[in-house]
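Colleague: The file below is upload-v1.cif, mmCIF, C-alpha atoms and all ligand atoms:
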```cif
data_input
loop_
_atom_site.label_atom_id
_atom_site.label_comp_id
_atom_site.auth_asym_id
_atom_site.auth_seq_id
_atom_site.Cartn_x
_atom_site.Cartn_y
_atom_site.Cartn_z
CA MET T 1 25.30 -7.61 63.00
CA ASN T 2 22.27 -7.89 65.22
CA LYS T 3 19.14 -9.78 64.36
CA ILE T 4 17.17 -6.72 63.24
CA THR T 5 19.99 -5.59 60.93
CA THR T 6 20.26 -9.12 59.48
CA LEU T 7 16.52 -9.26 58.86
CA PHE T 8 16.64 -5.80 57.26
CA CYS T 9 19.53 -6.86 54.99
CA GLN T 10 17.64 -10.02 53.97
CA PHE T 11 14.58 -7.88 53.25
CA LEU T 12 16.65 -5.50 51.11
CA LEU T 13 18.20 -8.41 49.21
CA LEU T 14 14.76 -9.86 48.58
CA ILE T 15 13.52 -6.55 47.17
CA LEU T 16 16.58 -6.23 44.93
CA LEU T 17 16.21 -9.80 43.66
CA THR T 18 12.52 -9.32 42.98
CA ARG T 19 13.20 -6.10 41.10
CA LYS T 20 15.88 -7.79 39.03
CA ILE T 21 13.54 -10.62 38.09
CA VAL T 22 10.80 -8.18 37.18
CA SER T 23 12.99 -5.85 35.16
CA GLY T 24 14.93 -8.70 33.52
CA SER T 25 11.76 -10.35 32.36
CA SER T 26 9.55 -7.32 31.80
CA LEU T 27 9.98 -7.41 28.07
CA HIS T 28 9.42 -11.08 27.67
CA SER T 29 7.06 -11.74 30.53
CA ASN T 30 3.63 -13.01 29.80
CA THR T 31 2.32 -9.48 29.29
CA TYR T 32 1.86 -10.02 25.59
CA GLU T 33 0.08 -13.32 26.00
CA GLN T 34 -3.20 -11.42 26.04
CA LEU T 35 -2.69 -10.57 22.38
CA HIS T 36 -4.48 -12.88 20.00
CA PHE T 37 -1.35 -13.34 17.91
CA LEU T 38 2.21 -12.13 18.25
CA GLU T 39 5.21 -13.23 16.22
CA THR T 40 8.68 -11.78 16.75
CA PHE T 41 10.66 -14.60 15.12
CA GLU T 42 13.02 -14.43 18.11
CA ASN T 43 14.43 -17.47 19.79
CA SER T 44 11.72 -18.59 22.20
CA THR T 45 14.24 -19.86 24.76
CA THR T 46 15.59 -16.34 25.31
CA THR T 47 12.43 -14.33 24.87
CA ASN T 48 9.80 -16.59 26.36
CA LEU T 49 7.66 -15.63 23.37
CA PRO T 50 6.39 -18.44 21.18
CA LEU T 51 7.69 -19.08 17.69
CA HIS T 52 4.75 -20.09 15.58
CA GLU T 53 4.46 -22.67 12.87
CA TRP T 54 4.52 -21.16 9.41
CA GLU T 55 3.91 -23.08 6.26
CA PRO T 56 5.01 -22.40 2.70
CA THR T 57 2.52 -22.66 -0.13
CA LYS T 58 2.84 -25.47 -2.64
CA GLN T 59 1.18 -23.43 -5.38
CA LYS T 60 2.73 -23.53 -8.83
CA ASN T 61 4.93 -20.48 -9.56
CA TYR T 62 5.47 -19.72 -5.87
CA HIS T 63 9.14 -20.66 -5.78
CA GLY T 64 10.32 -18.07 -3.28
CA SER T 65 10.96 -19.50 0.17
CA PHE T 66 10.96 -17.45 3.33
CA VAL T 67 13.76 -17.94 5.84
CA ARG T 68 14.07 -16.90 9.48
CA LYS T 69 17.29 -14.94 9.86
CA ALA T 70 19.12 -12.57 12.18
CA SER T 71 18.39 -9.01 11.07
CA ASN T 72 21.82 -7.87 12.30
CA ILE T 73 20.22 -5.50 14.77
CA THR T 74 21.33 -6.20 18.29
CA ASP T 75 20.13 -4.08 21.14
CA GLU T 76 19.36 -4.45 24.83
CA HIS T 77 16.86 -7.18 23.97
CA GLY T 78 19.49 -9.32 22.23
CA ASP T 79 19.68 -10.48 18.63
CA ASP T 80 16.70 -9.68 16.46
CA TYR T 81 15.33 -12.27 14.04
CA VAL T 82 13.05 -11.61 11.11
CA LEU T 83 11.31 -13.44 8.29
CA VAL T 84 13.07 -12.79 4.99
CA ALA T 85 11.95 -13.06 1.38
CA GLU T 86 15.53 -13.66 0.36
CA LYS T 87 15.62 -13.97 -3.39
CA ALA T 88 14.85 -11.59 -6.19
CA GLY T 89 12.14 -12.19 -8.79
CA TYR T 90 9.92 -14.73 -7.03
CA TYR T 91 6.37 -15.23 -5.85
CA TYR T 92 6.21 -15.95 -2.14
CA GLY T 93 3.46 -17.55 -0.09
CA TYR T 94 3.82 -18.24 3.61
CA SER T 95 1.19 -18.41 6.29
CA HIS T 96 0.24 -19.37 9.80
CA VAL T 97 -3.11 -20.81 10.88
CA PHE T 98 -4.23 -19.47 14.26
CA GLU T 99 -4.67 -21.94 17.09
CA THR T 100 -7.95 -20.11 17.78
CA PRO T 101 -9.68 -18.29 14.91
CA PHE T 102 -10.09 -14.55 15.34
CA SER T 103 -13.75 -13.51 15.20
CA PRO T 104 -14.47 -9.80 14.81
CA ILE T 105 -17.98 -10.79 13.69
CA ASN T 106 -18.88 -12.12 17.11
CA ASP T 107 -17.93 -9.15 19.22
CA ASP T 108 -17.74 -5.41 19.23
CA HIS T 109 -14.04 -4.99 19.71
CA GLY T 110 -12.72 -4.22 16.25
CA LEU T 111 -9.17 -5.17 15.45
CA VAL T 112 -5.59 -3.96 15.39
CA LEU T 113 -3.13 -5.38 12.89
CA GLN T 114 0.50 -4.39 13.21
CA TYR T 115 3.77 -5.54 11.66
CA SER T 116 7.07 -4.20 10.44
CA THR T 117 8.66 -4.52 7.04
CA THR T 118 12.03 -3.51 5.65
CA PHE T 119 13.08 -3.15 2.04
CA SER T 120 16.73 -3.80 2.72
CA GLU T 121 17.60 -3.39 -0.99
CA PHE T 122 16.42 -0.50 -3.15
CA ILE T 123 12.87 -1.42 -4.07
CA THR T 124 11.92 -1.22 -7.74
CA CYS T 125 8.90 -3.53 -7.71
CA GLY T 126 7.53 -5.61 -4.91
CA GLY T 127 4.96 -6.08 -2.19
CA GLY T 128 5.61 -5.65 1.50
CA TYR T 129 2.04 -6.18 2.62
CA ILE T 130 0.40 -8.66 4.97
CA LYS T 131 -2.90 -10.51 4.64
CA LEU T 132 -5.48 -11.90 7.04
CA PHE T 133 -7.24 -14.93 5.63
CA TYR T 134 -10.69 -16.38 5.87
CA LYS T 135 -10.80 -20.19 6.02
CA PHE T 136 -7.95 -21.35 3.78
CA LYS T 137 -5.46 -24.09 3.10
CA PRO T 138 -1.85 -22.90 3.60
CA LYS T 139 -0.56 -25.31 0.94
CA LYS T 140 -2.91 -23.73 -1.60
CA LEU T 141 -2.16 -20.15 -0.67
CA GLY T 142 -2.05 -17.96 -3.75
CA GLN T 143 -3.32 -14.74 -5.29
CA LYS T 144 -6.90 -16.03 -5.31
CA THR T 145 -7.00 -17.12 -1.67
CA ASN T 146 -9.87 -15.29 0.04
CA TYR T 147 -8.58 -12.70 2.42
CA ALA T 148 -10.25 -10.42 4.94
CA ILE T 149 -7.63 -7.67 4.90
CA MET T 150 -4.65 -6.78 2.78
CA PHE T 151 -2.54 -4.07 4.36
CA GLY T 152 0.87 -2.55 3.72
CA PRO T 153 3.20 -1.13 1.09
CA ASP T 154 3.13 -2.15 -2.54
CA ILE T 155 5.63 -0.43 -4.79
CA CYS T 156 6.23 -0.84 -8.50
CA GLY T 157 7.93 1.77 -10.65
CA GLY T 158 6.07 5.03 -10.13
CA ASN T 159 3.25 3.36 -8.17
CA ASN T 160 3.72 3.55 -4.45
CA ASN T 161 0.77 2.73 -2.19
CA ILE T 162 0.16 1.66 1.35
CA HIS T 163 -2.81 -0.50 0.51
CA PHE T 164 -5.70 -1.16 2.77
CA ILE T 165 -8.26 -3.46 1.22
CA TYR T 166 -10.92 -5.34 3.15
CA THR T 167 -13.48 -7.77 1.79
CA ARG T 168 -17.17 -8.38 2.51
CA LYS T 169 -19.44 -11.14 1.32
CA ASN T 170 -22.32 -9.57 -0.57
CA PRO T 171 -25.55 -11.23 0.67
CA ASN T 172 -27.23 -10.54 -2.69
CA ASN T 173 -24.99 -12.77 -4.75
CA LYS T 174 -22.72 -14.32 -2.08
CA ASN T 175 -19.64 -12.95 -3.82
CA LEU T 176 -16.70 -11.71 -1.83
CA GLU T 177 -16.16 -8.07 -2.76
CA GLU T 178 -13.02 -6.01 -2.32
CA ARG T 179 -13.25 -2.55 -0.80
CA LYS T 180 -10.15 -0.56 -1.51
CA LEU T 181 -9.03 2.60 0.27
CA LYS T 182 -9.26 5.58 -2.10
CA ASN T 183 -6.02 7.54 -2.64
CA PRO T 184 -3.84 5.43 -0.36
CA PRO T 185 -0.81 7.12 1.23
CA GLN T 186 2.75 6.48 0.04
CA ALA T 187 5.27 4.21 1.71
CA PRO T 188 8.85 5.18 2.57
CA MET T 189 11.43 3.68 0.21
CA ASP T 190 14.45 3.69 2.51
CA HIS T 191 16.05 0.62 4.09
CA LEU T 192 14.70 1.04 7.62
CA SER T 193 12.29 -1.20 9.49
CA HIS T 194 8.94 0.57 9.26
CA LEU T 195 6.02 -0.22 11.49
CA TYR T 196 2.57 -0.38 9.91
CA THR T 197 -0.48 -0.33 12.16
CA LEU T 198 -4.12 -0.61 11.15
CA VAL T 199 -6.97 -0.09 13.58
CA LEU T 200 -10.65 -0.86 12.87
CA ASP T 201 -13.08 0.37 15.47
CA ARG T 202 -16.72 -0.13 16.35
CA ALA T 203 -17.70 3.23 14.89
CA ASN T 204 -16.83 1.80 11.44
CA ARG T 205 -13.77 3.97 11.38
CA PHE T 206 -10.19 3.07 10.62
CA GLN T 207 -6.83 4.59 11.49
CA MET T 208 -3.61 3.87 9.67
CA TYR T 209 -0.28 4.53 11.37
CA LEU T 210 3.24 4.53 10.01
CA ASP T 211 5.99 4.29 12.62
CA MET T 212 3.37 5.07 15.30
CA GLU T 213 2.31 8.30 13.58
CA LEU T 214 -1.25 8.60 12.27
CA ILE T 215 -1.11 8.94 8.49
CA ARG T 216 -4.74 8.33 7.51
CA GLU T 217 -8.10 7.85 9.13
CA GLY T 218 -11.59 7.62 7.80
CA ASN T 219 -14.80 5.73 7.40
CA LEU T 220 -14.94 2.11 6.25
CA LEU T 221 -17.75 2.90 3.80
CA ASP T 222 -17.24 6.47 2.57
CA ASP T 223 -13.51 6.24 1.91
CA PHE T 224 -13.50 3.01 -0.07
CA GLU T 225 -13.98 2.02 -3.68
CA GLY T 226 -16.20 -0.99 -4.23
CA VAL T 227 -18.94 -0.08 -1.73
CA HIS T 228 -22.44 -0.34 -3.23
CA HIS T 229 -24.88 2.57 -2.95
CA PRO T 230 -28.67 2.38 -3.46
CA SER T 231 -28.53 4.36 -6.67
CA MET T 232 -26.00 3.92 -9.43
CA ASP T 233 -25.37 5.12 -12.99
CA ASP T 234 -27.12 2.95 -15.55
CA PRO T 235 -24.23 1.34 -17.46
CA ASN T 236 -26.53 0.82 -20.48
CA ASP T 237 -27.56 4.44 -20.79
CA LYS T 238 -25.72 6.30 -23.55
CA PRO T 239 -25.89 9.97 -24.63
CA PRO T 240 -28.06 10.70 -27.74
CA GLU T 241 -26.01 10.81 -30.91
CA ASP T 242 -26.62 14.54 -31.37
CA TRP T 243 -25.55 15.39 -27.82
CA VAL T 244 -22.99 18.20 -27.84
CA ASP T 245 -20.82 18.48 -24.77
CA ASP T 246 -18.02 20.69 -26.14
CA TYR T 247 -18.29 23.92 -24.18
CA TRP T 248 -15.86 25.87 -26.41
CA ILE T 249 -15.55 25.90 -30.17
CA ARG T 250 -13.42 27.86 -32.66
CA ASP T 251 -15.31 30.80 -34.17
CA PRO T 252 -15.83 29.88 -37.86
CA SER T 253 -16.45 33.57 -38.69
CA ASP T 254 -13.06 34.62 -37.35
CA LEU T 255 -11.15 34.79 -40.63
CA PRO T 256 -7.56 36.01 -41.13
CA PRO T 257 -6.95 39.45 -42.72
CA GLU T 258 -6.57 39.30 -46.48
CA ASP T 259 -2.81 39.87 -46.40
CA TRP T 260 -2.28 37.05 -43.88
CA THR T 261 0.12 34.44 -45.10
CA ASP T 262 0.99 31.31 -43.20
CA GLU T 263 3.41 29.96 -45.79
CA GLU T 264 6.76 29.90 -44.03
CA TYR T 265 8.74 29.26 -47.24
CA VAL T 266 8.15 30.46 -50.78
CA ILE T 267 9.78 29.82 -54.13
CA ASP T 268 12.70 32.14 -54.84
CA VAL T 269 11.39 33.93 -57.93
CA ASP T 270 14.76 35.57 -58.54
CA ALA T 271 16.56 32.27 -58.87
CA PHE T 272 17.53 31.10 -62.33
CA THR T 273 18.81 27.87 -63.80
CA PRO T 274 22.60 27.62 -63.31
CA GLN T 275 24.58 27.63 -66.52
CA GLU T 276 26.17 24.25 -65.84
CA TRP T 277 22.74 22.61 -65.25
CA ASP T 278 22.33 19.57 -67.50
CA VAL T 279 18.68 18.57 -67.79
CA VAL T 280 19.64 15.12 -69.10
CA GLN T 281 21.96 14.39 -66.18
CA ASP T 282 20.44 16.49 -63.38
CA GLY T 283 16.73 16.34 -64.26
CA GLU T 284 14.31 19.24 -64.47
CA TRP T 285 15.65 22.28 -62.56
CA GLU T 286 13.48 23.49 -59.69
CA PRO T 287 13.92 26.89 -58.02
CA PRO T 288 14.92 26.75 -54.31
CA LEU T 289 12.62 27.71 -51.39
CA ILE T 290 13.44 30.76 -49.31
CA ALA T 291 12.00 32.12 -46.02
CA ASN T 292 8.82 34.10 -46.65
CA GLU T 293 9.25 37.66 -45.36
CA LYS T 294 5.46 38.04 -45.01
CA TRP T 295 5.08 34.88 -42.96
CA LYS T 296 2.77 35.40 -39.92
CA LYS T 297 2.49 31.90 -38.44
CA LYS T 298 -0.60 29.77 -38.57
CA TRP T 299 -3.93 31.60 -38.21
CA VAL T 300 -5.80 30.40 -35.11
CA GLN T 301 -9.48 31.24 -34.81
CA ARG T 302 -10.62 32.64 -31.46
CA LYS T 303 -12.61 30.46 -29.09
CA ILE T 304 -16.27 31.15 -28.45
CA LEU T 305 -18.96 29.50 -26.31
CA ASN T 306 -20.60 26.72 -28.25
CA PRO T 307 -24.24 27.71 -28.97
CA GLU T 308 -25.06 24.01 -29.42
CA TRP T 309 -23.74 23.05 -26.00
CA ARG T 310 -26.26 21.02 -23.99
CA GLY T 311 -24.38 20.59 -20.74
CA GLU T 312 -22.54 17.58 -19.30
CA TRP T 313 -24.39 14.40 -20.12
CA GLU T 314 -25.19 12.19 -17.18
CA PRO T 315 -26.53 8.67 -17.34
CA ARG T 316 -29.84 8.01 -15.63
CA LYS T 317 -29.77 6.54 -12.15
CA ILE T 318 -30.99 3.04 -11.43
CA TYR T 319 -31.24 1.01 -8.25
CA ASP T 320 -28.12 -1.06 -7.58
CA LYS T 321 -29.38 -4.61 -7.11
CA LEU T 322 -26.17 -5.51 -5.32
CA TYR T 323 -26.65 -2.78 -2.71
CA TRP T 324 -26.95 -3.87 0.90
CA ASP T 325 -27.10 -1.85 4.03
CA ASP T 326 -23.79 -2.86 5.60
CA ARG T 327 -23.96 -1.29 9.04
CA THR T 328 -20.98 -3.01 10.60
CA PRO T 329 -18.20 -3.36 8.06
CA TYR T 330 -15.66 -3.60 10.90
CA LYS T 331 -17.22 -6.90 11.92
CA LEU T 332 -15.34 -8.99 9.41
CA ASP T 333 -16.08 -12.67 9.08
CA THR T 334 -13.97 -15.08 11.11
CA ILE T 335 -10.27 -14.89 10.33
CA TYR T 336 -8.38 -18.17 10.38
CA GLY T 337 -4.82 -17.16 9.64
CA ILE T 338 -2.23 -14.60 8.67
CA GLY T 339 0.50 -14.53 6.10
CA PHE T 340 2.30 -13.14 3.12
CA GLU T 341 1.43 -13.61 -0.51
CA ILE T 342 3.75 -11.34 -2.44
CA TRP T 343 5.83 -10.91 -5.55
CA SER T 344 9.17 -9.17 -5.36
CA VAL T 345 11.65 -8.16 -8.02
CA ASN T 346 14.07 -7.23 -5.23
CA LYS T 347 15.68 -9.47 -2.67
CA ASN T 348 15.76 -9.32 1.12
CA VAL T 349 12.38 -7.99 2.12
CA PHE T 350 12.06 -8.43 5.91
CA PHE T 351 8.94 -8.95 7.99
CA ASP T 352 8.69 -8.87 11.76
CA ASP T 353 6.77 -7.75 14.87
CA ILE T 354 3.46 -9.21 13.72
CA ILE T 355 0.47 -8.60 15.98
CA LEU T 356 -3.24 -9.19 15.58
CA SER T 357 -5.59 -8.44 18.42
CA THR T 358 -8.72 -6.57 19.35
CA ASN T 359 -8.96 -2.86 20.04
CA ASP T 360 -9.07 -3.67 23.76
CA HIS T 361 -5.34 -4.36 23.59
CA LYS T 362 -4.41 -1.22 21.71
CA SER T 363 -2.35 0.16 24.57
CA LEU T 364 -0.50 -3.14 24.88
CA ILE T 365 0.23 -3.07 21.14
CA TRP T 366 1.62 0.47 21.44
CA ASP T 367 3.63 -0.74 24.41
CA TYR T 368 5.17 -3.42 22.18
CA ALA T 369 5.86 -0.84 19.47
CA GLU T 370 7.54 1.48 21.95
CA LYS T 371 9.59 -1.14 23.76
CA ILE T 372 10.52 -3.59 21.03
CA TRP T 373 10.13 -2.09 17.57
CA LYS T 374 11.28 1.46 18.35
CA PRO T 375 14.69 0.60 19.88
CA LYS T 376 15.48 -1.39 16.71
CA TYR T 377 14.38 1.52 14.53
CA ASN T 378 16.49 3.94 16.57
CA THR T 379 19.49 1.61 16.29
CA GLN T 380 19.07 1.60 12.50
CA LEU T 381 18.78 5.39 12.44
CA LYS T 382 21.94 5.68 14.53
CA ASN T 383 23.84 3.26 12.27
CA GLN T 384 22.64 5.15 9.23
CA SER T 385 23.81 8.51 10.57
CA LEU T 386 27.19 6.94 11.50
CA LEU T 387 27.52 5.75 7.89
CA GLU T 388 26.63 9.15 6.52
CA ASN T 389 29.09 11.06 8.73
CA CA V 401 12.15 -9.90 15.53
#
```
As structure tokens - that is how I would like this structure written.

Modeller:
Amino acid sequence: MNKITTLFCQFLLLILLTRKIVSGSSLHSNTYEQLHFLETFENSTTTNLPLHEWEPTKQKNYHGSFVRKASNITDEHGDDYVLVAEKAGYYYGYSHVFETPFSPINDDHGLVLQYSTTFSEFITCGGGYIKLFYKFKPKKLGQKTNYAIMFGPDICGGNNNIHFIYTRKNPNNKNLEERKLKNPPQAPMDHLSHLYTLVLDRANRFQMYLDMELIREGNLLDDFEGVHHPSMDDPNDKPPEDWVDDYWIRDPSDLPPEDWTDEEYVIDVDAFTPQEWDVVQDGEWEPPLIANEKWKKKWVQRKILNPEWRGEWEPRKIYDKLYWDDRTPYKLDTIYGIGFEIWSVNKNVFFDDIILSTNDHKSLIWDYAEKIWKPKYNTQLKNQSLLEN
């Protein structure tokens, strides 16, 4: 081998080695470090992604404890770990305080919140949602802890909603008010790992994705209950006592024909007291009832327009003193942490793939979804179809 060939071979080897390092570490390289928060629950020594510190609540009644466990999905990225609400019939509270608070209020970048959840048992009643918290104490985490966003599935009996609620402090009375998405979409009830993504953008719009598919989008003011408007119905205004709002009435002049009979049974006039009837022993004899041949059902008067009708009553409008011109609802106050505050009748609810970042990193978040969540989902789909066949 001459010198040029040797140099060429060394060059080739160098390229191959570099490629191997790049491809071997592409998933777990520092790419995702730009995200404000990412939690995969994987072993940090193999993934090079940090495992964060999570803290259980010490609130009374919150006896459910989360555990980090293998999800039993193994793919090209190795073993997958998830956070599990393991036991049935408990309240759970578990949270992480960010090293650096997340401040949508200070910039124009909106936010993206993404995570996956799996109801590995048939869900009858339980929450699979995530919350972003304003300043809070993890040990005191409970239902009343102030949150910025609550997002994700909540299923109980016939109620199935993918909730999206955000809160705003009303400057008129300083109260934190909940704004709840009207007619939320429904969540899947199978046992697969579903990815929920919520995007808030600077145009005060939101998009909600399920498994990377857009399922709802809208405006952060128009599509939410709990938003104040300048004018509101006066709650003290009542209709006058003589107000008639029945549009239809029965026509009192619509009388049945004279031969109409609505008696279904009549006394059998041909019946007579049986010879063996003993009034002392059997009591007074009464003739039996028989079907009335002339029976014509119950007479129902026809409906007519009500001459007294005065239209639908509407309360007078008054100015809503709690109204404020909220021009930037997407600029939520500073968010200090993330976590779960749920109740579940069913065991083994999994959480994973948690990301919070600004809209600037949307493509990176989709990259994570495509490269890390989707292979796991596909593996589950494959296993499911193997089971079914
Ligand atoms: Ca994981």

Colleague: Residues within 6 Å of ligand CA 401 (chain V) (all atoms listed in the file), as number ranges by chain?

Modeller: T: 40-42, 80-82, 352-353

Colleague: So, with all atoms listed in the file as the atoms that count, which of T:Phe151, T:Phe136, T:Trp243, T:Tyr91 lies closest to T:Glu314?

Modeller: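 Closest to T:Glu314, using all atoms listed in the file: T:Trp243.
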
Colleague: Find the spatial neighbours of T:Leu111, counting only C-alpha atoms, within a cut-off of 10 Å - ignore same-chain residues fewer than 3 positions away - and output them as a PyMOL selection string.

Modeller: chain T and resi 102-104+108+114+198-202+206+330-332+356-362

Colleague: Could you work out how far atom CA of T:Lys297 lies from atom CA of T:Ile249, giving the answer in Å with one decimal?

Modeller: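 Atom CA of T:Lys297 lies at a distance of 20.7 Å from atom CA of T:Ile249.
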
Colleague: One number please: atom CA of T:Lys382 to atom CA of T:Ile355, in Å, one decimal.

Modeller: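 According to the coordinates, atom CA of T:Lys382 and atom CA of T:Ile355 are separated by 25.8 Å.
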
Colleague: Could you please determine the separation between atom CA of T:Lys238 and atom CA of T:Trp313 in Å, to one decimal place?

Modeller: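 Taking atom CA of T:Lys238 and atom CA of T:Trp313, their separation equals 8.9 Å.
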
Colleague: So which one's closest to T:Pro329, T:Asn204, T:Asn236, T:Gln143, T:Asn219? Using only C-alpha atoms, please.

Modeller: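 Smallest separation from T:Pro329 among the options: T:Asn204.
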
Colleague: Hey, what's within 12 Å of stretch 55-66 of chain T if we count all atoms listed in the file and toss same-chain stuff fewer than 5 positions away? As number ranges by chain, please?

Modeller: T: 82-98, 136-145, 337-351

Colleague: Would you mind telling me which residue in T:Met208, T:Ile372, T:Ala70, T:Leu322 lies nearest to T:Leu176 when using all atoms listed in the file?

Modeller: T:Leu322

Colleague: Tell me which of T:Ile318, T:Ile149, T:Leu181, T:Val300 sits closest to T:Glu225, counting all atoms listed in the file.

Modeller: T:Leu181
